[in-house]
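J.: Dumping the structure here so I can ask a few things about it.
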Amino acid sequence: MRHPPRSVLAAVAGAVALIGSVTVPVVTASGAAPACSVEYSVTSQWDSGFQGAVRITNNMAAMSSWSLAFDFAGGQQLTQGWNAKWSQSGTTVTAASESYNGSLATGASVSAGFIASWSGSNPVPTSFKLNGTSCNTAVEPSPTPEPTDPAEDGPPVLRASGNKLVDADGATRRLLGVNRSGGEFMCVQGRGIFDGPVDDASVKAIADWKANTVRIPLNEECWLGLPTIDPAYGGANYINAVKDLVAKVKAHGMTPVVELHWTYGQYTGNSAGCSDVHASCQKPMPDMQYTPSFWASVANTFKNDRTVVFDLFNEPYPDRATSTTTQAWQCWRDGGSCPGIGYEVAGMQDLVDSVRGAGATNLILAGGIAYSNDLSQWLTYRPADPAGNLAAAWHVYNFNTCANESCWNSTLAPVAAQVPLVAGEIGENTCAHGFIDQVMKWFDDRGLSYLGWTWNTWDCSSGPSLISSYDGTPTAFGTGLRDHLRALNG
């Protein structure tokens, strides 16, 4: 989506059903609070693996970093984890704090999750140590597992299976939520990192709409910390801020989608957003100079957390620069020297290769041409993915070309029959929700995914904007999405 003017902006095959959690409760001696407590839960289990979570509460002096250690007694093997640096040596598993969650005040808690394999039996660890201090926990799981709050356990690991998104148990999932704009433009304008608050309360407000997904647009120059970016808003500071927002989104049980929105490369042709070579507007295609490096870095950052979804490039529009649709789709997939574009283009295949080359198997979304509104030849030109974990992304607004059921039936339905389809942006500039109501019904009828643009307090006629306040107060437009999500997931 194009933004308002700056003045306005002040998986596992063979999985079985979810078994619920097995939680190790906290034990206190004679009512005395333990030095630390750990709640360990098995949130789902299948024939060869399981997903677990730990919730650590510190009752000692405040600490600036933490490390939790425990032992697997049944031969379990850690495979990946999130919200901590996870490792295993022999039977001992260690979860060390990340830079964004190391501070743990007295009485404060932090949660982290992991996936591990098991065979034969899956006994619960019997002892835990936080920074070398023993934590008091019971040694036996509850005989009757109780369901846990999904927000505590984090979002599912998703993968493409046929034309569906499925979790580790093989259950079909949908991505339903919002976009949280700001990370793509504030930093390059020297005004900060995010537009508006991204504290826990503001993220909880999104979850209160019963959203299960938050898409987070990014800027490649800010992530890479290029010299033109104020260091306060670029490089490590930018990356840590993104990681912190991802952690908050996950803490409320929602799937984070990190997406590349603004990129480098000078384009002054048809429909140019700006004449600037820097990443200060939407370009027709990613650039070979920086975008593969961006995705290699993002993939390395999140490859051990497969709950994070990667959206390769916001809204490609090589069709506005090239003379034929075939040239546009070839440019979209293969990049290189594209007609009408003055810089070397990174195609979708280049970006898939960058992600997979970093060792990340996370779900990838790839939007089509015409600002991601045209998927007519997506199946013909889809990039090869060695991980087989690729979905199609599509954007629609009431002013787009493909904005009616006839077009959806002819161009979207064939794609949705073969691969998962995610409408990464839906919206209208009428400050009403009649159009997105039609979109949501079409997608609901087919079990597909969609995300509203955008969770920012802009003028809904120039944004469009879902909210008038970061406490979740909706605009007239946002009311349609909020009420619909609550009806679906309430």
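Identifiers for the structure tokens are assigned positionally: chains receive A, B, ... in sequence, residues are indexed from 1 per chain, and ligands are indexed from 1 in the order shown.
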Could you list, as a PyMOL selection string, every residue within 10 Å of Val203 of chain A, counting only C-alpha atoms and ignoring same-chain residues fewer than 3 positions away?
T.: chain A and resi 180+197-200+206-208+214+245+248-252+254+470-472
J.: Which residues are close to segment 236-242 of chain A, i.e. within 7 Å by only C-alpha atoms, leaving aside same-chain residues fewer than 4 positions away? Reply as a list in words.
T.: Tyr100, Ile193, Cys222, Trp223, Ala232 and Val246 of chain A
J.: Write the residues of the selection above to a file with all heavy atoms, as a PDB file, in the first residue's frame.
T.:
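Saved result, out.pdb, follows:
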ATOM      1  N   TYR A 100      17.018  -8.637  23.710  1.00  0.00           N
ATOM      2  CA  TYR A 100      15.808  -7.861  23.957  1.00  0.00           C
ATOM      3  C   TYR A 100      15.026  -8.306  25.189  1.00  0.00           C
ATOM      4  O   TYR A 100      14.079  -7.638  25.585  1.00  0.00           O
ATOM      5  CB  TYR A 100      14.890  -7.902  22.724  1.00  0.00           C
ATOM      6  CG  TYR A 100      14.500  -9.296  22.281  1.00  0.00           C
ATOM      7  CD1 TYR A 100      13.446  -9.976  22.873  1.00  0.00           C
ATOM      8  CD2 TYR A 100      15.200  -9.932  21.265  1.00  0.00           C
ATOM      9  CE1 TYR A 100      13.090 -11.237  22.464  1.00  0.00           C
ATOM     10  CE2 TYR A 100      14.855 -11.201  20.847  1.00  0.00           C
ATOM     11  CZ  TYR A 100      13.801 -11.851  21.451  1.00  0.00           C
ATOM     12  OH  TYR A 100      13.459 -13.108  21.032  1.00  0.00           O
ATOM     13  N   ILE A 193      11.849   4.552  14.672  1.00  0.00           N
ATOM     14  CA  ILE A 193      11.804   3.220  14.072  1.00  0.00           C
ATOM     15  C   ILE A 193      10.379   2.817  13.752  1.00  0.00           C
ATOM     16  O   ILE A 193      10.088   2.354  12.653  1.00  0.00           O
ATOM     17  CB  ILE A 193      12.496   2.186  14.982  1.00  0.00           C
ATOM     18  CG1 ILE A 193      14.000   2.506  15.074  1.00  0.00           C
ATOM     19  CG2 ILE A 193      12.289   0.764  14.446  1.00  0.00           C
ATOM     20  CD1 ILE A 193      14.789   1.589  15.983  1.00  0.00           C
ATOM     21  N   CYS A 222      17.658   0.419   6.486  1.00  0.00           N
ATOM     22  CA  CYS A 222      17.666   0.540   7.952  1.00  0.00           C
ATOM     23  C   CYS A 222      18.147  -0.759   8.585  1.00  0.00           C
ATOM     24  O   CYS A 222      18.947  -0.745   9.524  1.00  0.00           O
ATOM     25  CB  CYS A 222      16.278   0.913   8.459  1.00  0.00           C
ATOM     26  SG  CYS A 222      15.689   2.491   7.821  1.00  0.00           S
ATOM     27  N   TRP A 223      17.648  -1.887   8.099  1.00  0.00           N
ATOM     28  CA  TRP A 223      18.066  -3.185   8.652  1.00  0.00           C
ATOM     29  C   TRP A 223      19.570  -3.380   8.471  1.00  0.00           C
ATOM     30  O   TRP A 223      20.273  -3.823   9.384  1.00  0.00           O
ATOM     31  CB  TRP A 223      17.293  -4.317   7.979  1.00  0.00           C
ATOM     32  CG  TRP A 223      17.655  -5.688   8.487  1.00  0.00           C
ATOM     33  CD1 TRP A 223      18.748  -6.428   8.144  1.00  0.00           C
ATOM     34  CD2 TRP A 223      16.932  -6.459   9.451  1.00  0.00           C
ATOM     35  NE1 TRP A 223      18.762  -7.623   8.826  1.00  0.00           N
ATOM     36  CE2 TRP A 223      17.657  -7.670   9.625  1.00  0.00           C
ATOM     37  CE3 TRP A 223      15.765  -6.265  10.154  1.00  0.00           C
ATOM     38  CZ2 TRP A 223      17.215  -8.678  10.508  1.00  0.00           C
ATOM     39  CZ3 TRP A 223      15.325  -7.264  11.032  1.00  0.00           C
ATOM     40  CH2 TRP A 223      16.048  -8.440  11.196  1.00  0.00           C
ATOM     41  N   ALA A 232      21.060   5.673  15.195  1.00  0.00           N
ATOM     42  CA  ALA A 232      20.079   5.461  16.262  1.00  0.00           C
ATOM     43  C   ALA A 232      18.885   4.662  15.771  1.00  0.00           C
ATOM     44  O   ALA A 232      18.201   4.009  16.567  1.00  0.00           O
ATOM     45  CB  ALA A 232      19.617   6.808  16.812  1.00  0.00           C
ATOM     46  N   VAL A 246       8.576  -8.508  17.248  1.00  0.00           N
ATOM     47  CA  VAL A 246       8.251  -9.901  16.910  1.00  0.00           C
ATOM     48  C   VAL A 246       7.982 -10.697  18.189  1.00  0.00           C
ATOM     49  O   VAL A 246       7.013 -11.467  18.270  1.00  0.00           O
ATOM     50  CB  VAL A 246       9.392 -10.542  16.093  1.00  0.00           C
ATOM     51  CG1 VAL A 246       9.267 -12.060  16.062  1.00  0.00           C
ATOM     52  CG2 VAL A 246       9.397  -9.985  14.671  1.00  0.00           C
TER      53      VAL A 246
END
J.: Name the residues of segment 333-367 of chain A that fall into strand (DSSP E) according to DSSP on the backbone, using the chain letters and numbers of this document, as a list in words.
T.: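 Taking segment 333-367 of chain A and keeping strand (DSSP E) only, one gets Ile364, Leu365, Ala366 and Gly367 of chain A.
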J.: Selection from above, all heavy atoms, as a PDB file, in the first residue's frame, can you write it?
T.:
ATOM      1  N   ILE A 364       7.445 -18.853   3.292  1.00  0.00           N
ATOM      2  CA  ILE A 364       7.712 -17.671   2.471  1.00  0.00           C
ATOM      3  C   ILE A 364       6.444 -17.285   1.717  1.00  0.00           C
ATOM      4  O   ILE A 364       5.748 -18.143   1.172  1.00  0.00           O
ATOM      5  CB  ILE A 364       8.844 -17.941   1.463  1.00  0.00           C
ATOM      6  CG1 ILE A 364      10.203 -18.043   2.178  1.00  0.00           C
ATOM      7  CG2 ILE A 364       8.899 -16.869   0.391  1.00  0.00           C
ATOM      8  CD1 ILE A 364      11.349 -18.396   1.242  1.00  0.00           C
ATOM      9  N   LEU A 365       6.162 -15.968   1.676  1.00  0.00           N
ATOM     10  CA  LEU A 365       5.089 -15.424   0.854  1.00  0.00           C
ATOM     11  C   LEU A 365       5.695 -14.645  -0.306  1.00  0.00           C
ATOM     12  O   LEU A 365       6.663 -13.910  -0.120  1.00  0.00           O
ATOM     13  CB  LEU A 365       4.197 -14.479   1.662  1.00  0.00           C
ATOM     14  CG  LEU A 365       3.631 -14.980   2.989  1.00  0.00           C
ATOM     15  CD1 LEU A 365       2.743 -13.902   3.616  1.00  0.00           C
ATOM     16  CD2 LEU A 365       2.856 -16.268   2.807  1.00  0.00           C
ATOM     17  N   ALA A 366       5.109 -14.783  -1.490  1.00  0.00           N
ATOM     18  CA  ALA A 366       5.568 -14.034  -2.669  1.00  0.00           C
ATOM     19  C   ALA A 366       4.366 -13.424  -3.362  1.00  0.00           C
ATOM     20  O   ALA A 366       3.479 -14.144  -3.844  1.00  0.00           O
ATOM     21  CB  ALA A 366       6.340 -14.947  -3.626  1.00  0.00           C
ATOM     22  N   GLY A 367       4.315 -12.076  -3.399  1.00  0.00           N
ATOM     23  CA  GLY A 367       3.225 -11.364  -4.051  1.00  0.00           C
ATOM     24  C   GLY A 367       3.457 -11.235  -5.545  1.00  0.00           C
ATOM     25  O   GLY A 367       4.600 -11.236  -6.015  1.00  0.00           O
TER      26      GLY A 367
END
J.: Give me, as an mmCIF file with N, CA, C and O atoms, in the first residue's frame, all polymer residues having an atom no more than 6 Å from Ala53 of chain A, counting only C-alpha atoms and skipping those fewer than 5 positions away in the same chain.
T.:
data_model
loop_
_atom_site.group_PDB
_atom_site.id
_atom_site.type_symbol
_atom_site.label_atom_id
_atom_site.label_comp_id
_atom_site.auth_asym_id
_atom_site.auth_seq_id
_atom_site.Cartn_x
_atom_site.Cartn_y
_atom_site.Cartn_z
ATOM 1 N N TYR A 40 6.991 -25.635 33.037
ATOM 2 C CA TYR A 40 7.378 -26.344 31.815
ATOM 3 C C TYR A 40 6.124 -27.019 31.266
ATOM 4 O O TYR A 40 5.413 -27.701 31.994
ATOM 5 N N SER A 41 5.838 -26.826 29.986
ATOM 6 C CA SER A 41 4.644 -27.448 29.420
ATOM 7 C C SER A 41 4.941 -28.053 28.063
ATOM 8 O O SER A 41 5.753 -27.539 27.289
ATOM 9 N N ALA A 112 9.594 -18.685 26.833
ATOM 10 C CA ALA A 112 10.313 -19.103 25.630
ATOM 11 C C ALA A 112 9.782 -20.469 25.214
ATOM 12 O O ALA A 112 9.205 -21.204 26.030
ATOM 13 N N GLY A 113 9.954 -20.802 23.962
ATOM 14 C CA GLY A 113 9.433 -22.069 23.459
ATOM 15 C C GLY A 113 10.441 -22.805 22.612
ATOM 16 O O GLY A 113 11.452 -22.247 22.185
#
J.: Tell me, as a PyMOL selection string, which residues lie within 7 Å of Ala96 of chain A, counting only C-alpha atoms; anything in the same chain fewer than 4 positions away does not count.
T.: chain A and resi 66-68+84-86
J.: Can you write out as JSON lines which residues of segment 217-272 of chain A fall within 12 Å of segment 408-432 of chain A, alongside each residue's closest atom pair and its distance in Å to one decimal, counting only C-alpha atoms and ordering rows by chain and ascending residue number?
T.:
{"residue": "A:Pro217", "atom": "CA", "partner": "A:Gly424", "partner_atom": "CA", "distance": 10.9}
{"residue": "A:Val257", "atom": "CA", "partner": "A:Gly424", "partner_atom": "CA", "distance": 9.4}
{"residue": "A:Val258", "atom": "CA", "partner": "A:Gly424", "partner_atom": "CA", "distance": 11.2}
{"residue": "A:Glu259", "atom": "CA", "partner": "A:Gly424", "partner_atom": "CA", "distance": 9.8}
J.: Restricting the output to N, CA and C atoms, write the selected residues as a PDB file, in the first residue's frame.
T.:
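Result went into again00.pdb, see below:
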ATOM      1  N   PRO A 217       6.042  -4.375   8.124  1.00  0.00           N
ATOM      2  CA  PRO A 217       6.836  -3.896   6.982  1.00  0.00           C
ATOM      3  C   PRO A 217       8.208  -3.377   7.437  1.00  0.00           C
ATOM      4  N   VAL A 257       4.679 -11.698  10.667  1.00  0.00           N
ATOM      5  CA  VAL A 257       5.102 -11.759   9.268  1.00  0.00           C
ATOM      6  C   VAL A 257       6.040 -10.580   9.037  1.00  0.00           C
ATOM      7  N   VAL A 258       7.315 -10.861   8.781  1.00  0.00           N
ATOM      8  CA  VAL A 258       8.256  -9.780   8.489  1.00  0.00           C
ATOM      9  C   VAL A 258       8.334  -9.626   6.970  1.00  0.00           C
ATOM     10  N   GLU A 259       8.198  -8.394   6.520  1.00  0.00           N
ATOM     11  CA  GLU A 259       7.998  -8.131   5.088  1.00  0.00           C
ATOM     12  C   GLU A 259       8.886  -6.983   4.638  1.00  0.00           C
TER      13      GLU A 259
END
J.: Atom CA of Phe443 of chain A and atom CA of Thr475 of chain A, how far apart in Å?
T.: 22.4 Å
